[in-house]
Each structure stands twice: as structure tokens, then as C-alpha cells.
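Participant: To be precise about what I am sending: the file is called work.txt and holds compact mmCIF, C-alpha atoms.
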```txt
# COMPACT_ATOMS: atom_id res chain seq x y z
CA MET E 1 28.21 -23.15 2.98
CA ASN E 2 26.25 -26.25 1.91
CA ALA E 3 22.54 -26.84 2.56
CA LEU E 4 23.15 -28.82 5.76
CA HIS E 5 25.41 -26.15 7.20
CA ILE E 6 22.92 -23.43 6.23
CA ALA E 7 20.10 -25.31 7.98
CA GLU E 8 22.23 -25.66 11.13
CA TYR E 9 23.29 -22.01 10.95
CA VAL E 10 19.74 -20.66 10.60
CA GLN E 11 18.49 -22.97 13.36
CA THR E 12 21.20 -21.59 15.63
CA LEU E 13 20.01 -18.06 14.84
CA GLY E 14 16.49 -19.20 15.74
CA LEU E 15 17.56 -20.73 19.05
CA GLN E 16 19.45 -17.58 19.99
CA ALA E 17 16.57 -15.35 18.95
CA ARG E 18 14.06 -17.36 20.99
CA ALA E 19 16.27 -17.12 24.08
CA ALA E 20 16.84 -13.40 23.54
CA SER E 21 13.12 -12.76 23.04
CA ALA E 22 12.38 -13.90 26.60
CA ARG E 23 14.86 -11.35 27.95
CA MET E 24 13.55 -8.61 25.65
CA ALA E 25 9.96 -9.26 26.73
CA ARG E 26 10.81 -8.51 30.35
CA ALA E 27 13.16 -5.57 29.66
CA ASP E 28 11.89 -2.30 31.12
CA ALA E 29 11.18 0.78 29.02
CA ALA E 30 14.23 2.72 30.26
CA THR E 31 16.62 -0.05 29.21
CA LYS E 32 15.13 -0.38 25.73
CA ASN E 33 15.17 3.40 25.28
CA ARG E 34 18.85 3.50 26.29
CA ALA E 35 19.61 1.01 23.52
CA LEU E 36 17.71 3.12 20.97
CA LYS E 37 19.51 6.33 21.97
CA ALA E 38 22.84 4.52 21.84
CA LEU E 39 22.01 3.26 18.36
CA ALA E 40 21.16 6.79 17.18
CA ARG E 41 24.50 8.03 18.52
CA LEU E 42 26.46 5.18 16.93
CA LEU E 43 24.81 5.76 13.56
CA ARG E 44 25.80 9.43 13.55
CA ASP E 45 29.33 8.62 14.72
CA SER E 46 29.86 5.93 12.08
CA GLY E 47 29.20 7.95 8.92
CA PRO E 48 32.54 7.29 7.17
CA ALA E 49 32.56 3.55 7.93
CA LEU E 50 28.95 3.18 6.76
CA ALA E 51 29.69 5.14 3.58
CA GLU E 52 32.66 2.87 2.86
CA ALA E 53 30.60 -0.30 3.30
CA ASN E 54 27.79 1.12 1.17
CA ALA E 55 30.25 2.14 -1.56
CA ARG E 56 31.37 -1.50 -1.86
CA ASP E 57 27.76 -2.59 -2.30
CA LEU E 58 27.05 0.16 -4.85
CA ALA E 59 30.13 -0.69 -6.90
CA ARG E 60 29.22 -4.36 -7.00
CA ALA E 61 25.58 -3.60 -7.84
CA GLU E 62 26.53 -1.23 -10.66
CA ALA E 63 28.86 -3.84 -12.14
CA ALA E 64 26.01 -6.37 -11.97
CA GLY E 65 23.70 -4.00 -13.88
CA LEU E 66 21.21 -3.33 -11.09
CA SER E 67 18.32 -1.13 -12.27
CA ALA E 68 18.25 2.58 -11.45
CA PRO E 69 15.31 2.30 -8.97
CA MET E 70 17.11 -0.53 -7.14
CA MET E 71 20.36 1.45 -7.07
CA ASP E 72 18.41 4.36 -5.59
CA ARG E 73 17.03 2.11 -2.85
CA LEU E 74 20.50 0.75 -2.11
CA ARG E 75 22.09 4.15 -1.53
CA LEU E 76 22.85 4.87 2.15
CA THR E 77 23.22 8.65 2.05
CA PRO E 78 23.96 10.84 5.09
CA LYS E 79 20.33 11.99 4.89
CA VAL E 80 19.10 8.37 5.06
CA VAL E 81 21.36 7.67 8.05
CA GLU E 82 20.13 10.80 9.82
CA THR E 83 16.51 9.84 9.15
CA VAL E 84 16.88 6.39 10.72
CA ALA E 85 18.83 7.89 13.65
CA GLN E 86 15.94 10.31 14.22
CA GLY E 87 13.58 7.35 13.97
CA CYS E 88 15.42 5.65 16.84
CA GLU E 89 15.12 8.78 18.95
CA GLN E 90 11.45 9.21 18.07
CA LEU E 91 10.79 5.63 19.16
CA ALA E 92 12.69 6.18 22.41
CA ALA E 93 10.49 9.19 23.16
CA MET E 94 7.27 7.30 22.54
CA PRO E 95 5.22 5.85 25.40
CA GLU E 96 5.81 2.24 26.34
CA LEU E 97 3.17 -0.05 24.84
CA VAL E 98 4.31 -3.41 26.20
CA GLY E 99 2.43 -4.30 29.37
CA ASP E 100 -0.42 -1.86 28.78
CA ILE E 101 -3.71 -3.21 30.06
CA VAL E 102 -6.87 -2.11 28.27
CA GLY E 103 -10.60 -2.73 28.51
CA MET E 104 -10.78 -4.07 32.07
CA ARG E 105 -14.42 -4.88 32.84
CA GLN E 106 -16.05 -6.32 35.92
CA GLN E 107 -18.15 -9.40 35.17
CA PRO E 108 -21.22 -10.61 37.12
CA SER E 109 -19.13 -13.50 38.47
CA GLY E 110 -16.79 -11.04 40.19
CA ILE E 111 -13.79 -11.51 37.91
CA ARG E 112 -12.30 -8.57 36.01
CA VAL E 113 -11.40 -9.26 32.37
CA GLY E 114 -9.17 -7.19 30.07
CA GLN E 115 -6.31 -7.40 27.61
CA MET E 116 -2.56 -6.86 27.94
CA ARG E 117 -0.28 -5.81 25.08
CA VAL E 118 2.68 -8.18 24.68
CA PRO E 119 5.47 -8.68 22.12
CA LEU E 120 4.94 -11.15 19.27
CA GLY E 121 8.19 -12.91 20.22
CA VAL E 122 10.52 -13.45 17.24
CA PHE E 123 9.95 -12.03 13.80
CA GLY E 124 11.90 -12.77 10.66
CA MET E 125 12.39 -9.89 8.24
CA ILE E 126 13.33 -10.55 4.62
CA PHE E 127 13.99 -7.47 2.53
CA GLU E 128 15.70 -6.28 -0.62
CA SER E 129 18.06 -3.44 -1.37
CA ARG E 130 17.22 -0.72 1.17
CA PRO E 131 19.83 -1.05 3.96
CA ASN E 132 17.98 1.51 6.11
CA VAL E 133 15.39 -1.22 6.70
CA THR E 134 17.97 -2.94 8.91
CA ILE E 135 17.77 -0.05 11.37
CA GLU E 136 14.02 0.46 11.04
CA ALA E 137 13.40 -3.21 11.79
CA ALA E 138 15.97 -3.36 14.59
CA SER E 139 14.73 -0.22 16.34
CA LEU E 140 11.10 -1.32 16.20
CA SER E 141 12.10 -4.76 17.45
CA ILE E 142 13.93 -3.27 20.42
CA LYS E 143 11.11 -0.87 21.39
CA SER E 144 8.43 -3.55 21.06
CA GLY E 145 10.39 -6.07 23.15
CA ASN E 146 10.81 -8.61 20.35
CA ALA E 147 13.78 -10.42 18.88
CA ALA E 148 14.44 -10.20 15.16
CA ILE E 149 16.28 -12.20 12.52
CA LEU E 150 17.01 -9.99 9.53
CA ARG E 151 17.87 -11.19 6.06
CA GLY E 152 18.69 -8.37 3.66
CA GLY E 153 19.34 -8.63 -0.05
CA SER E 154 22.70 -9.86 -1.30
CA GLU E 155 23.22 -6.50 -3.02
CA ALA E 156 23.32 -4.73 0.39
CA ILE E 157 25.27 -7.31 2.42
CA GLU E 158 28.22 -5.04 3.33
CA SER E 159 25.97 -2.15 4.38
CA ASN E 160 23.70 -4.44 6.38
CA LYS E 161 26.62 -6.08 8.21
CA ALA E 162 27.97 -2.67 9.20
CA LEU E 163 24.55 -1.52 10.43
CA ALA E 164 23.79 -4.76 12.28
CA ALA E 165 27.10 -4.51 14.12
CA LEU E 166 26.05 -1.08 15.40
CA VAL E 167 22.70 -2.49 16.55
CA GLN E 168 24.38 -5.27 18.52
CA GLN E 169 26.83 -2.79 20.04
CA ALA E 170 23.92 -0.59 21.18
CA LEU E 171 22.09 -3.57 22.68
CA ALA E 172 25.19 -4.65 24.60
CA GLU E 173 25.75 -1.09 25.87
CA ALA E 174 22.25 -1.11 27.33
CA GLY E 175 22.70 -4.53 28.96
CA LEU E 176 20.41 -6.32 26.51
CA PRO E 177 21.29 -9.52 24.60
CA ALA E 178 23.13 -8.78 21.35
CA GLU E 179 21.30 -11.77 19.82
CA ALA E 180 18.02 -9.84 20.10
CA VAL E 181 18.79 -8.58 16.58
CA GLN E 182 20.68 -10.93 14.27
CA LEU E 183 21.56 -10.55 10.61
CA VAL E 184 21.67 -13.64 8.40
CA GLY E 185 25.28 -13.45 7.29
CA THR E 186 25.01 -15.60 4.16
CA THR E 187 23.55 -14.46 0.84
CA ASP E 188 22.57 -18.03 -0.08
CA ARG E 189 18.83 -18.13 -0.88
CA GLU E 190 18.54 -21.44 0.98
CA ALA E 191 18.75 -19.44 4.21
CA VAL E 192 15.44 -17.76 3.35
CA GLY E 193 13.79 -21.15 2.84
CA GLN E 194 15.00 -22.26 6.26
CA LEU E 195 13.99 -19.05 8.03
CA ILE E 196 10.39 -19.07 6.79
CA ALA E 197 9.90 -22.70 7.81
CA MET E 198 10.84 -22.56 11.53
CA PRO E 199 7.59 -22.11 13.50
CA ALA E 200 9.38 -23.37 16.62
CA TYR E 201 11.62 -20.29 16.59
CA VAL E 202 9.92 -17.66 14.41
CA ASP E 203 6.44 -16.29 15.15
CA VAL E 204 5.89 -14.13 12.06
CA ILE E 205 7.67 -13.36 8.77
CA ILE E 206 7.67 -9.87 7.26
CA PRO E 207 8.86 -9.72 3.64
CA ARG E 208 9.66 -6.31 2.18
CA GLY E 209 10.72 -6.09 -1.43
CA GLY E 210 9.61 -6.89 -4.94
CA LYS E 211 6.43 -8.74 -5.82
CA GLY E 212 8.36 -11.89 -6.77
CA LEU E 213 10.02 -12.11 -3.36
CA ILE E 214 6.77 -11.56 -1.47
CA GLU E 215 4.85 -14.06 -3.59
CA ARG E 216 7.54 -16.68 -2.92
CA ILE E 217 7.50 -16.04 0.84
CA SER E 218 3.70 -16.12 0.99
CA ARG E 219 3.64 -19.39 -0.93
CA GLU E 220 6.36 -21.23 0.98
CA ALA E 221 6.19 -19.88 4.54
CA LYS E 222 5.12 -22.16 7.38
CA VAL E 223 4.62 -19.23 9.75
CA PRO E 224 2.22 -16.25 9.43
CA VAL E 225 3.24 -13.51 6.96
CA ILE E 226 2.60 -9.74 7.18
CA LYS E 227 2.88 -8.37 3.64
CA HIS E 228 1.87 -6.21 0.73
CA LEU E 229 2.52 -7.38 -2.81
CA ASP E 230 2.81 -4.08 -4.66
CA GLY E 231 1.96 -0.40 -4.49
CA ASN E 232 -0.37 0.65 -7.29
CA CYS E 233 -1.40 3.91 -5.60
CA HIS E 234 -3.92 6.36 -7.07
CA THR E 235 -4.42 10.11 -6.90
CA TYR E 236 -7.95 11.16 -7.86
CA VAL E 237 -8.56 14.81 -8.79
CA ASP E 238 -12.20 15.51 -7.98
CA ASP E 239 -14.72 18.06 -9.23
CA PRO E 240 -14.63 20.49 -7.45
CA CYS E 241 -11.02 20.90 -6.33
CA ASP E 242 -8.38 23.56 -5.78
CA LEU E 243 -6.55 23.21 -9.10
CA ALA E 244 -3.27 24.77 -7.93
CA MET E 245 -3.20 22.50 -4.88
CA ALA E 246 -4.10 19.48 -7.01
CA VAL E 247 -1.20 20.16 -9.39
CA THR E 248 1.24 20.48 -6.48
CA VAL E 249 0.04 17.32 -4.74
CA ALA E 250 -0.24 15.20 -7.90
CA ASP E 251 3.28 16.28 -8.86
CA ASN E 252 4.70 15.38 -5.45
CA ALA E 253 2.83 12.08 -5.26
CA LYS E 254 4.47 10.96 -8.51
CA THR E 255 7.82 12.71 -8.82
CA GLN E 256 9.16 13.39 -5.31
CA LYS E 257 10.71 9.94 -5.58
CA TYR E 258 9.88 7.26 -8.13
CA SER E 259 11.05 4.11 -6.38
CA PRO E 260 8.91 3.89 -3.18
CA CYS E 261 5.76 1.79 -2.99
CA ASN E 262 3.71 4.84 -1.94
CA ALA E 263 4.43 6.88 -5.09
CA SER E 264 1.28 7.39 -7.17
CA GLU E 265 1.21 5.22 -10.27
CA SER E 266 -2.22 6.25 -11.56
CA LEU E 267 -3.89 9.64 -11.95
CA LEU E 268 -7.68 9.78 -12.19
CA VAL E 269 -9.29 13.09 -13.14
CA ALA E 270 -12.98 14.03 -12.92
CA ARG E 271 -14.38 15.04 -16.29
CA GLY E 272 -15.58 18.38 -14.93
CA VAL E 273 -12.02 19.58 -14.22
CA ALA E 274 -10.08 17.56 -16.83
CA ALA E 275 -9.81 20.35 -19.42
CA ALA E 276 -8.46 22.77 -16.80
CA PHE E 277 -6.29 20.35 -14.79
CA LEU E 278 -4.68 17.99 -17.29
CA PRO E 279 -2.76 20.64 -19.31
CA ARG E 280 -1.27 22.02 -16.08
CA ILE E 281 -0.14 18.69 -14.66
CA GLY E 282 0.85 17.55 -18.17
CA ARG E 283 3.32 20.42 -18.49
CA VAL E 284 4.80 19.58 -15.06
CA TYR E 285 5.19 15.88 -15.92
CA ALA E 286 6.55 16.64 -19.38
CA GLY E 287 9.16 18.96 -17.86
CA LYS E 288 10.31 16.13 -15.58
CA GLY E 289 10.36 13.46 -18.29
CA VAL E 290 7.37 11.52 -16.97
CA GLU E 291 5.71 9.27 -19.55
CA MET E 292 1.91 9.39 -19.45
CA ARG E 293 -0.09 6.32 -20.47
CA CYS E 294 -3.53 7.67 -21.23
CA ASP E 295 -7.08 6.69 -21.98
CA PRO E 296 -8.39 8.31 -25.24
CA GLU E 297 -10.06 11.27 -23.48
CA SER E 298 -7.05 12.31 -21.41
CA ARG E 299 -4.69 11.77 -24.34
CA ALA E 300 -6.74 14.10 -26.57
CA ILE E 301 -6.64 16.88 -23.97
CA LEU E 302 -2.93 16.43 -23.25
CA ALA E 303 -1.87 16.13 -26.91
CA ALA E 304 -3.56 19.42 -27.76
CA ALA E 305 -2.25 21.33 -24.75
CA VAL E 306 1.23 19.84 -24.23
CA PRO E 307 2.64 18.90 -27.65
CA ASP E 308 6.04 17.90 -26.24
CA ALA E 309 4.54 15.49 -23.67
CA ASN E 310 5.56 11.83 -23.78
CA LEU E 311 2.14 10.22 -24.34
CA ARG E 312 1.18 6.60 -24.98
CA ASP E 313 -2.12 4.76 -25.16
CA ALA E 314 -2.84 2.92 -21.92
CA THR E 315 -3.43 -0.82 -22.07
CA GLU E 316 -5.62 -2.74 -19.64
CA GLN E 317 -2.45 -3.81 -17.80
CA ASP E 318 -1.46 -0.18 -17.20
CA TRP E 319 -4.37 0.33 -14.78
CA SER E 320 -2.88 -2.34 -12.48
CA GLU E 321 0.81 -1.53 -12.95
CA GLU E 322 3.35 -0.52 -10.31
CA TYR E 323 5.95 1.30 -12.42
CA LEU E 324 8.51 2.47 -9.80
CA ALA E 325 9.69 4.74 -12.60
CA PRO E 326 8.83 8.09 -14.28
CA VAL E 327 5.66 6.62 -15.80
CA ILE E 328 2.04 7.22 -14.77
CA SER E 329 -1.30 6.02 -16.08
CA VAL E 330 -3.93 8.76 -16.65
CA LYS E 331 -7.69 8.37 -16.99
CA VAL E 332 -10.68 10.71 -17.12
CA VAL E 333 -13.61 9.47 -15.01
CA ASP E 334 -17.20 10.71 -14.61
CA GLY E 335 -16.71 11.59 -10.96
CA VAL E 336 -16.28 10.16 -7.50
CA ASP E 337 -18.42 7.04 -8.14
CA GLU E 338 -16.34 5.91 -11.11
CA ALA E 339 -13.11 6.85 -9.34
CA ILE E 340 -13.95 4.67 -6.32
CA ALA E 341 -15.04 1.77 -8.54
CA HIS E 342 -11.85 2.02 -10.64
CA ILE E 343 -9.60 2.15 -7.57
CA ASN E 344 -11.28 -0.79 -5.87
CA ARG E 345 -10.92 -2.83 -9.07
CA TYR E 346 -7.33 -2.01 -10.00
CA SER E 347 -5.66 -0.76 -6.82
CA SER E 348 -3.27 -2.92 -4.80
CA HIS E 349 -5.11 -1.62 -1.69
CA HIS E 350 -2.00 0.20 -0.48
CA THR E 351 -2.65 3.98 -0.57
CA ASP E 352 -5.12 6.12 -2.50
CA ALA E 353 -5.90 9.83 -2.29
CA ILE E 354 -8.67 12.23 -3.28
CA LEU E 355 -8.04 15.93 -3.97
CA THR E 356 -11.35 17.73 -3.46
CA ARG E 357 -13.29 20.67 -2.07
CA ASP E 358 -16.41 18.57 -1.53
CA HIS E 359 -16.73 17.27 2.04
CA VAL E 360 -19.32 14.63 1.11
CA HIS E 361 -17.09 13.28 -1.67
CA ALA E 362 -14.15 13.19 0.74
CA GLN E 363 -16.12 11.25 3.35
CA ARG E 364 -17.42 8.78 0.77
CA PHE E 365 -13.89 8.23 -0.54
CA LEU E 366 -12.59 7.59 2.99
CA ARG E 367 -15.35 5.08 3.73
CA GLU E 368 -15.61 3.28 0.41
CA VAL E 369 -12.06 2.98 -0.93
CA ASP E 370 -10.81 -0.42 0.27
CA SER E 371 -7.16 0.41 0.95
CA ALA E 372 -4.80 0.35 3.91
CA SER E 373 -4.29 4.14 3.78
CA VAL E 374 -6.86 6.54 2.32
CA MET E 375 -6.10 10.26 2.11
CA VAL E 376 -7.85 13.57 1.49
CA ASN E 377 -5.90 16.46 -0.03
CA ALA E 378 -2.48 14.97 0.69
CA SER E 379 0.28 13.23 -1.26
CA THR E 380 0.32 9.44 -1.20
CA ARG E 381 4.02 9.75 -0.36
CA PHE E 382 2.97 10.33 3.27
CA ALA E 383 2.00 6.64 3.65
CA ASP E 384 5.04 5.86 5.76
CA GLY E 385 5.57 4.90 9.38
CA PHE E 386 7.94 7.79 10.06
CA GLU E 387 5.50 10.33 8.58
CA TYR E 388 2.61 8.75 10.52
CA GLY E 389 4.51 9.28 13.78
CA LEU E 390 5.20 5.59 14.33
CA GLY E 391 8.94 6.27 14.73
CA ALA E 392 9.67 3.88 11.90
CA GLU E 393 7.87 1.18 10.02
CA ILE E 394 8.71 -2.43 9.44
CA GLY E 395 6.61 -2.57 6.30
CA ILE E 396 3.17 -1.94 4.88
CA SER E 397 0.41 -4.49 5.26
CA THR E 398 -2.49 -4.69 2.82
CA ASP E 399 -3.94 -7.67 4.68
CA LYS E 400 -7.01 -7.15 6.85
CA PHE E 401 -6.04 -9.09 9.95
CA HIS E 402 -3.82 -8.06 12.88
CA ALA E 403 -2.04 -5.15 11.17
CA ARG E 404 -3.02 -2.96 8.19
CA GLY E 405 -1.13 -0.08 6.60
CA PRO E 406 2.28 1.00 7.96
CA VAL E 407 3.30 -1.56 10.58
CA GLY E 408 4.93 0.06 13.58
CA LEU E 409 5.02 -0.80 17.26
CA GLU E 410 1.43 -1.94 17.63
CA GLY E 411 1.78 -4.23 14.62
CA LEU E 412 4.67 -6.00 16.37
CA THR E 413 2.61 -6.70 19.47
CA SER E 414 -0.54 -8.66 20.20
CA LEU E 415 -3.15 -8.62 22.93
CA LYS E 416 -3.63 -11.46 25.36
CA TRP E 417 -6.60 -11.80 27.67
CA ILE E 418 -5.98 -11.40 31.37
CA VAL E 419 -8.35 -12.20 34.22
CA LEU E 420 -8.06 -10.78 37.75
CA GLY E 421 -9.97 -12.51 40.50
CA GLN E 422 -10.23 -12.91 44.25
CA GLY E 423 -10.87 -16.62 44.50
CA GLU E 424 -13.94 -16.77 42.26
CA ILE E 425 -14.99 -20.19 40.98
CA ARG E 426 -17.39 -21.04 38.21
CA GLY E 427 -20.72 -22.41 39.33
```
Could you show the structure in this file as C-alpha cells?

Facilitator:
Amino acid sequence: MNALHIAEYVQTLGLQARAASARMARADAATKNRALKALARLLRDSGPALAEANARDLARAEAAGLSAPMMDRLRLTPKVVETVAQGCEQLAAMPELVGDIVGMRQQPSGIRVGQMRVPLGVFGMIFESRPNVTIEAASLSIKSGNAAILRGGSEAIESNKALAALVQQALAEAGLPAEAVQLVGTTDREAVGQLIAMPAYVDVIIPRGGKGLIERISREAKVPVIKHLDGNCHTYVDDPCDLAMAVTVADNAKTQKYSPCNASESLLVARGVAAAFLPRIGRVYAGKGVEMRCDPESRAILAAAVPDANLRDATEQDWSEEYLAPVISVKVVDGVDEAIAHINRYSSHHTDAILTRDHVHAQRFLREVDSASVMVNASTRFADGFEYGLGAEIGISTDKFHARGPVGLEGLTSLKWIVLGQGEIRG
């Protein structure tokens, strides 16, 4: 497909999406929920066909030398399929947001003024590797009354086509336009350039993938972008803390899965508990093959206590790094003040956690850490739309306007002002 044909093709997708968005905006809650339940059923019934499509993608990706974290993201396991099916059902069970009216106030003139929640219209989603994003994006689009144009990575094209076909089947079953969710069927990168430059048809772009992709989209897009660039998440072990709990949480935050953007990449430890805590977590990380990139103080403690640990001296770059691998940076800090200052300097403002017994420290951390999700005594791995009860998420936003943190239903809607009167005129 040459550039001209790609431009025509993507414009056609835009035209169809804009037309479908009008029908989706006026669809009632029962109809949208029927589509979501149908999609959950179709996902569960299509296990073998989805596995076959995913196997073709995996084989091609392995032959192309795709990295282990990317291969992990590409895998469409039965557990992943069940999770997204449950996400559809969770969304169907959630209250309807579209059409809600909030904040109605009577004004001295006699008019009543409030706000109504409405769909954004059409969003474009550009993502890499994880095929489950196709369902997360589609299900959120359906529930929020939007239309979506999805462009997955070339490495997942077979899986995404199989999933998108199920979405369109579910929409049709419910009497909704199949074009409400469309997959860009070409892997040509020119299609991305066209999609992000169509303000007449696309209201917002949501990129989800590596830093390079998101930087490109942010630079070239002619429509608003909801994004986060990377996930340099921190776990800070405070003085005082429950050491056993801190070991369990710091282990989970790093090793439960290495590839997600909410895995902890940096471990900060208060000096008062460093001698007791670091040997314990060091043995856990060493047993799981996690490389620790340390400041001099943490390295001295770990080297003495865990001689078989994989230790390296941290560089300045390590404090800002998103590894997506069994690697973590480790630093001893004076206490909560230095921890907050370090996080606000080096964090990507995604997710950061404090493990503490001190209520005042916890409250200060919540208020002062400038991140989209801030946690007390919990693993950073919980920073996820499904875990937050959003049904699913379309991405994480580290921006400060419109949507911040996991973007679910509310992030795909906006508020418009409405005025109710009885013939009032302005004097």
C-alpha cells in the first residue's frame, strides 16, 4: 500500500469512526452493556483461535529477535484472555457515566447551571506488543460511548486482527455500529503519521508503548495526546516500618513481573533501617537473579551480608532508568525528606510508594510526591485500571490536565456546561 492509498485508507477509517461515534453517544446503557457481555462470551469461546493467531505472532517475533520483555508482553495466555473478559464484565456492571449531570446550581438570574458528562468522540490508540490492549481499549470505548481507531504494533498484528473481529461481532450482536471500533489493518508506519494528524476525525490520541514511540507521537501529533513516557517507579522503605512487610512488598513491586511500567525500578531505604532491611531484601533479589545497582552505602551493607548478590555501582543515569528487567537501583537516604526530594527529581511521576509505620510520614509522602499514583504500604504493581476498579485502563497519564494516572471511563469523557431556564433573559 503506497502513501496515497494509506492516506485514503486512514481517512476512511476516520470518516467511519466519526459517523459511528454519533450513534455510540446516543446508545443507551443496556445496549452498550449487552455488547460488553457478548464480547466477554466471545473471548472465552474463542480460546483456540486466539491462541493460534498469537502463536503466529510469537513465532515471527522470536525469529526477528524480539527482546524477552517484549515477548512477554506479546503473549496472549488463557489467563490474559480471562482477565480482559472479566474486565468487560466489570465494565458492564459499572454505573453509566454518560449523561450524568453534576453540580446543578440556581443562579440569581433564575437559570440553573451544571455540567453533563459526555463522550470525547473518537480516540486513536497507538500501542506496542500487548494484544490485550485491543480489548481494554475497545471495551472502555464501548462503555464510554466513544468510537476508537486502534493501531497495534506490527509484532501483534495477527492477534489484534483476531481480537478486533470479536469486538466488531459483539457490537453487531448488540445492534451497535461495527465501525465503532476499528483496527488499522496495515503495519506501515505511515498509517500512524496519518492517524495522529486528523483533527477533523480524531479528538484525542493515546499512545501506549516504549518511550521512543510516545516521544514521536507527542512531537508529531496535531490532536491532543494523553500519555506517559516511562515508568521509573520507586519503593521507599521508611524508618520506622514493618520489616517483614517491607521485604514482601518490595519483592513483589520488583519481581512479580519485570516488564510492566508499574514495576518498581528504584529502592530507597531510610538509613535507620538499612542495616536490618537491605540484607533481607538482598537475599531475596539475589535468589531471583536481580542485579542491584547501588550507591556506596547500600553496596557496602549488601556486599557484607549477601556475598553472592549481583552488585554494581550505580551511575547518575541509574536513578532515572526504567529497566523493564531484573535490575533495580538501590540507595540509602537520610529519611522521608531525602526520599521525597530524590523521587521528585528522578521519578517519571508514574507511581511511587512508601512502606512505613509513621502516619505523619505517610501523609507527607501522599501530599508531596508529585506522581500520578502515590501509595502507602502497597506494591506499585497495583497502579493499574483493573486493580483500581476501573474495569480496564486505556493507559496511564502522567500529565496534569484532564486525566492523570490510570485512564478509565472518566478519562474518556469530558464535562460540558448545561443551562436550564424558563425564559430568562440577560438584563

Participant: With the cut-off set at 7 Å and counting all atoms listed in the file, tabulate each residue of stretch 152-197 of chain E with an atom at most that distance from an atom of stretch 7-23 of chain E, showing the nearest atom pair and its distance in Å to one decimal, ordered by chain and increasing number, as CSV.

Facilitator:
```
residue,atom,partner,partner_atom,distance
E:Pro177,CA,E:Ala20,CA,6.0
E:Glu179,CA,E:Ala17,CA,6.0
E:Ala180,CA,E:Ala20,CA,5.1
E:Ala191,CA,E:Val10,CA,6.6
E:Gln194,CA,E:Ala7,CA,6.2
E:Leu195,CA,E:Val10,CA,6.5
```

Participant: Just how far from atom CA of E:Asn132 is atom CA of E:Gly153, in Å to one decimal?

Facilitator: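 That distance, rounded to one decimal, is 11.9 Å.
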
Participant: Using all atoms listed in the file, which of E:Gly145, E:Glu158, E:Ala137, E:Met125 sits nearest E:Ala51?

Facilitator: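 Checking each candidate against E:Ala51, we get E:Glu158 as the closest.
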
Participant: List as number ranges by chain the protein and nucleic acid residues near stretch 216-226 of chain E, meaning an atom at most 10 Å away when only C-alpha atoms are counted, but skip any in the same chain fewer than 3 places from it.

Facilitator: E: 123-126, 192-208, 211-213, 229, 394-404, 407, 411

Participant: Let me make sure I understand: among E:Asp318, E:Asp72, E:Glu82, E:Asp57, which one has the smallest atom-to-atom distance to E:Tyr258 if we use all atoms listed in the file?

Facilitator: E:Asp72

Participant: Using all atoms listed in the file, which residues sit within 9 Å of E:Cys261 once same-chain residues fewer than 3 positions away are excluded, as a PDB file with C-alpha atoms, in the frame of the given file?

Facilitator:
```
ATOM      1  CA  ASP E 230       2.810  -4.080  -4.660  1.00  0.00           C
ATOM      2  CA  GLY E 231       1.960  -0.400  -4.490  1.00  0.00           C
ATOM      3  CA  ASN E 232      -0.370   0.650  -7.290  1.00  0.00           C
ATOM      4  CA  CYS E 233      -1.400   3.910  -5.600  1.00  0.00           C
ATOM      5  CA  TYR E 258       9.880   7.260  -8.130  1.00  0.00           C
ATOM      6  CA  SER E 264       1.280   7.390  -7.170  1.00  0.00           C
ATOM      7  CA  GLU E 322       3.350  -0.520 -10.310  1.00  0.00           C
ATOM      8  CA  LEU E 324       8.510   2.470  -9.800  1.00  0.00           C
ATOM      9  CA  HIS E 350      -2.000   0.200  -0.480  1.00  0.00           C
ATOM     10  CA  ARG E 381       4.020   9.750  -0.360  1.00  0.00           C
TER      11      ARG E 381
END
```

Participant: For the point (-8.3, -4.3, 32.5) in file coordinates, what residues are within 10 Å, counting all atoms listed in the file? Give the answer as a list in words?

Facilitator: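 These residues have at least one counted atom within 10 Å: Asp100, Ile101, Val102, Gly103, Met104, Arg105, Gln106, Arg112, Val113, Gly114, Gln115, Met116, Trp417, Ile418, Val419 and Leu420 of chain E.
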
Participant: Could you please fill out stretch 33-37 of chain E with all heavy atoms and send it back as a tab-separated table (two decimals), in the coordinates of the input?

Facilitator:
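That gives us part-v9.tsv:
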```
chain	number	residue	atom	x	y	z
E	33	ASN	N	14.95	2.04	25.80
E	33	ASN	CA	15.17	3.40	25.28
E	33	ASN	C	16.65	3.76	25.29
E	33	ASN	O	17.13	4.49	24.40
E	33	ASN	CB	14.36	4.41	26.09
E	33	ASN	CG	12.87	4.26	25.86
E	33	ASN	OD1	12.45	3.68	24.85
E	33	ASN	ND2	12.07	4.76	26.78
E	34	ARG	N	17.40	3.27	26.28
E	34	ARG	CA	18.85	3.50	26.29
E	34	ARG	C	19.49	2.87	25.05
E	34	ARG	O	20.39	3.46	24.44
E	34	ARG	CB	19.49	2.92	27.55
E	34	ARG	CG	19.48	3.83	28.75
E	34	ARG	CD	20.54	3.46	29.79
E	34	ARG	NE	20.47	2.06	30.20
E	34	ARG	CZ	19.65	1.60	31.14
E	34	ARG	NH1	18.83	2.43	31.75
E	34	ARG	NH2	19.65	0.31	31.47
E	35	ALA	N	19.06	1.68	24.70
E	35	ALA	CA	19.61	1.01	23.52
E	35	ALA	C	19.30	1.81	22.26
E	35	ALA	O	20.16	1.96	21.37
E	35	ALA	CB	19.04	-0.40	23.41
E	36	LEU	N	18.09	2.35	22.16
E	36	LEU	CA	17.71	3.12	20.97
E	36	LEU	C	18.52	4.41	20.86
E	36	LEU	O	18.97	4.79	19.77
E	36	LEU	CB	16.21	3.43	21.02
E	36	LEU	CG	15.29	2.23	20.81
E	36	LEU	CD1	13.86	2.57	21.20
E	36	LEU	CD2	15.34	1.75	19.36
E	37	LYS	N	18.72	5.09	21.99
E	37	LYS	CA	19.51	6.33	21.97
E	37	LYS	C	20.97	6.03	21.65
E	37	LYS	O	21.63	6.80	20.93
E	37	LYS	CB	19.38	7.05	23.31
E	37	LYS	CG	17.99	7.63	23.56
E	37	LYS	CD	17.88	8.19	24.97
E	37	LYS	CE	16.47	8.67	25.26
E	37	LYS	NZ	16.30	9.12	26.66
```
